[in-house]
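**Q** Take this structure first; my questions come after.
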Amino acid sequence: MAAVTNTIENVRAVIMSAHNSSTAREKVGFYNSWAENYEQDVSVLDYRAPTLAAECISSHFSGDPKAVAVLDVACGTGLVAKQMKKCGFGHFVGIDGSKCMLELARDTGLYLELKQSILGDEPLPIQSDSFDVVVIVGALSVGQVPVCVVRELCKSAKPGGYICMTTRGNRGNLEYKAMLESELKQMEKEGLWTCVKVTEVEEWERGVSEQEDGYISGAVYLYKKQ
């Protein structure tokens, strides 16, 4: 059984060790090793992104949430699906690169289907125009998932469907955040989707680097496919 890492110092050390993983396969190996303690550790960080994303989607979705299909990209252990379930959503398909994370997601009993895929290295194993809601929380950040993946998220949604994305606003992620926002706006210019809401959040989660004292900021982006 993995050692319990229930202090902020230990959690920071675990997360910073991920920076030693340079390739996508190495990142997956890190998440496989972290899976058992993942939910406990992000709780120590007061990780609010899954709740914020679920609430954002729920507040703008006008249909019957029980009747729609949700694609949970980079689903991890299922934190987003758990929060969306509280908002009435019930049909989830999950994708993640980590086999161990997917096993824990399967244990939640929330997913109709789970698929293993390394985002950015492989196309999403999903048919186009398939989902009423597509959500990705936590993975759109420097050293994780490339910005270009957002085009695949858009393709996966049905016309009129919602795509919800999040990213961090800490100093080390500012360049990535700017690139992400540029791509989101470019896709809007291309007529692929329209921006519904952007929510900037000051207290996103507790920072993990030495330069981050206290909480870092973050953002939730909600778009509607044309």
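Residue names in the structure tokens use chain letters A, B, ... in the order shown, residue numbers from 1 in each chain, and ligand numbers from 1 in the order shown.
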Which of segment 87-144 of chain A counts as strand (DSSP E) under DSSP, as a ChimeraX atom specification please?
**A** /A:91-96,111-116,131-136
**Q** Write down as a PyMOL selection string the residues of segment 14-202 of chain A whose backbone DSSP state falls under alpha helix (DSSP H).
**A** chain A and resi 14-17+24-34+38-44+49-60+79-86+99-107+149-156+174-189
**Q** If you count only C-alpha atoms, which residues fall within 8 Å of segment 30-45 of chain A, apart from same-chain ones fewer than 6 positions away, as an NGL selection string?
**A** :A and (2 or 4-8 or 11 or 18 or 21 or 77 or 79 or 98-101 or 104 or 205-207)
**Q** Just want the 12 Å neighbourhood of Val93 of chain A, counted on only C-alpha atoms, with same-chain residues fewer than 4 positions away dropped. Output as a PyMOL selection string.
**A** chain A and resi 68-76+78+80-81+89+102+105-106+109-116+125-126+130-135+156
**Q** With a distance cut-off of 10 Å and only C-alpha atoms, select the neighbouring residues of segment 171-183 of chain A, excluding the residue or stretch itself and same-chain residues fewer than 2 positions from it, and output the selection as JSON, numbers by chain.
**A** {"A": [140, 141, 142, 143, 146, 147, 148, 150, 151, 166, 167, 168, 169, 185, 186, 187, 188, 189, 209, 211, 212, 216, 217, 218, 219, 221]}
**Q** Next, write the just-selected residues to a file, as a short mmCIF file (atom, residue, chain, number, x, y, z; two decimals), in the first residue's frame, keeping N, CA, C and O atoms as the atom set.
**A**
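Here's the written file part_0.cif:
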data_model
loop_
_atom_site.label_atom_id
_atom_site.label_comp_id
_atom_site.auth_asym_id
_atom_site.auth_seq_id
_atom_site.Cartn_x
_atom_site.Cartn_y
_atom_site.Cartn_z
N LEU A 140 -5.57 20.77 -18.79
CA LEU A 140 -5.12 21.83 -19.70
C LEU A 140 -4.16 22.75 -18.95
O LEU A 140 -4.55 23.78 -18.40
N SER A 141 -2.90 22.36 -18.92
CA SER A 141 -1.88 23.17 -18.25
C SER A 141 -0.51 22.78 -18.79
O SER A 141 -0.35 21.74 -19.43
N VAL A 142 0.47 23.61 -18.51
CA VAL A 142 1.80 23.40 -19.03
C VAL A 142 2.35 22.05 -18.60
O VAL A 142 2.20 21.63 -17.46
N GLY A 143 2.93 21.32 -19.55
CA GLY A 143 3.50 20.02 -19.25
C GLY A 143 2.49 18.89 -19.19
O GLY A 143 2.86 17.74 -18.92
N PRO A 146 -1.54 19.28 -24.56
CA PRO A 146 -1.30 20.40 -25.47
C PRO A 146 -2.59 21.13 -25.81
O PRO A 146 -3.67 20.54 -25.84
N VAL A 147 -2.47 22.43 -26.08
CA VAL A 147 -3.63 23.28 -26.36
C VAL A 147 -4.44 22.75 -27.54
O VAL A 147 -5.67 22.87 -27.57
N CYS A 148 -3.79 22.13 -28.52
CA CYS A 148 -4.48 21.67 -29.73
C CYS A 148 -5.60 20.68 -29.44
O CYS A 148 -6.51 20.50 -30.27
N VAL A 150 -8.09 21.04 -27.63
CA VAL A 150 -9.42 21.66 -27.52
C VAL A 150 -10.22 21.52 -28.82
O VAL A 150 -11.45 21.50 -28.78
N ARG A 151 -9.55 21.41 -29.94
CA ARG A 151 -10.28 21.22 -31.21
C ARG A 151 -10.95 19.84 -31.24
O ARG A 151 -12.05 19.69 -31.79
N THR A 166 -10.99 24.00 -18.04
CA THR A 166 -10.38 24.78 -16.96
C THR A 166 -8.87 24.86 -17.16
O THR A 166 -8.27 24.01 -17.82
N THR A 167 -8.28 25.89 -16.57
CA THR A 167 -6.82 25.97 -16.50
C THR A 167 -6.43 26.78 -15.27
O THR A 167 -7.26 27.47 -14.67
N ARG A 168 -5.17 26.68 -14.91
CA ARG A 168 -4.66 27.41 -13.75
C ARG A 168 -4.11 28.77 -14.17
O ARG A 168 -3.72 28.96 -15.31
N GLY A 169 -4.06 29.69 -13.20
CA GLY A 169 -3.55 31.02 -13.48
C GLY A 169 -2.28 31.35 -12.72
O GLY A 169 -1.93 32.53 -12.58
N LYS A 185 -10.39 31.72 -28.73
CA LYS A 185 -10.93 32.86 -29.48
C LYS A 185 -10.80 32.64 -30.98
O LYS A 185 -11.68 33.03 -31.77
N GLN A 186 -9.70 32.02 -31.41
CA GLN A 186 -9.52 31.73 -32.83
C GLN A 186 -10.61 30.78 -33.32
O GLN A 186 -11.17 30.97 -34.42
N MET A 187 -10.93 29.79 -32.52
CA MET A 187 -11.98 28.83 -32.90
C MET A 187 -13.35 29.51 -32.96
O MET A 187 -14.19 29.14 -33.78
N GLU A 188 -13.54 30.51 -32.12
CA GLU A 188 -14.79 31.27 -32.18
C GLU A 188 -14.84 32.09 -33.48
O GLU A 188 -15.89 32.16 -34.14
N LYS A 189 -13.72 32.67 -33.87
CA LYS A 189 -13.65 33.41 -35.14
C LYS A 189 -13.95 32.50 -36.33
O LYS A 189 -14.52 32.93 -37.33
N SER A 209 4.37 25.23 -5.77
CA SER A 209 5.78 25.58 -5.97
C SER A 209 6.24 26.56 -4.90
O SER A 209 5.43 27.17 -4.20
N GLN A 211 7.39 29.42 -5.29
CA GLN A 211 7.03 30.78 -5.65
C GLN A 211 5.55 31.08 -5.40
O GLN A 211 5.10 32.21 -5.54
N GLU A 212 4.78 30.04 -5.04
CA GLU A 212 3.34 30.19 -4.88
C GLU A 212 2.97 30.11 -3.40
O GLU A 212 2.88 29.03 -2.82
N ILE A 216 -3.52 29.78 -5.61
CA ILE A 216 -3.33 30.27 -6.97
C ILE A 216 -4.71 30.49 -7.60
O ILE A 216 -5.71 29.97 -7.11
N SER A 217 -4.75 31.24 -8.70
CA SER A 217 -6.00 31.49 -9.39
C SER A 217 -6.22 30.45 -10.48
O SER A 217 -5.36 29.62 -10.77
N GLY A 218 -7.39 30.52 -11.09
CA GLY A 218 -7.71 29.61 -12.18
C GLY A 218 -8.88 30.16 -12.97
O GLY A 218 -9.42 31.22 -12.64
N ALA A 219 -9.28 29.44 -14.01
CA ALA A 219 -10.38 29.90 -14.85
C ALA A 219 -11.20 28.74 -15.37
O ALA A 219 -10.68 27.65 -15.63
N TYR A 221 -13.88 27.93 -18.51
CA TYR A 221 -14.35 28.40 -19.82
C TYR A 221 -15.52 27.52 -20.27
O TYR A 221 -15.39 26.30 -20.28
#
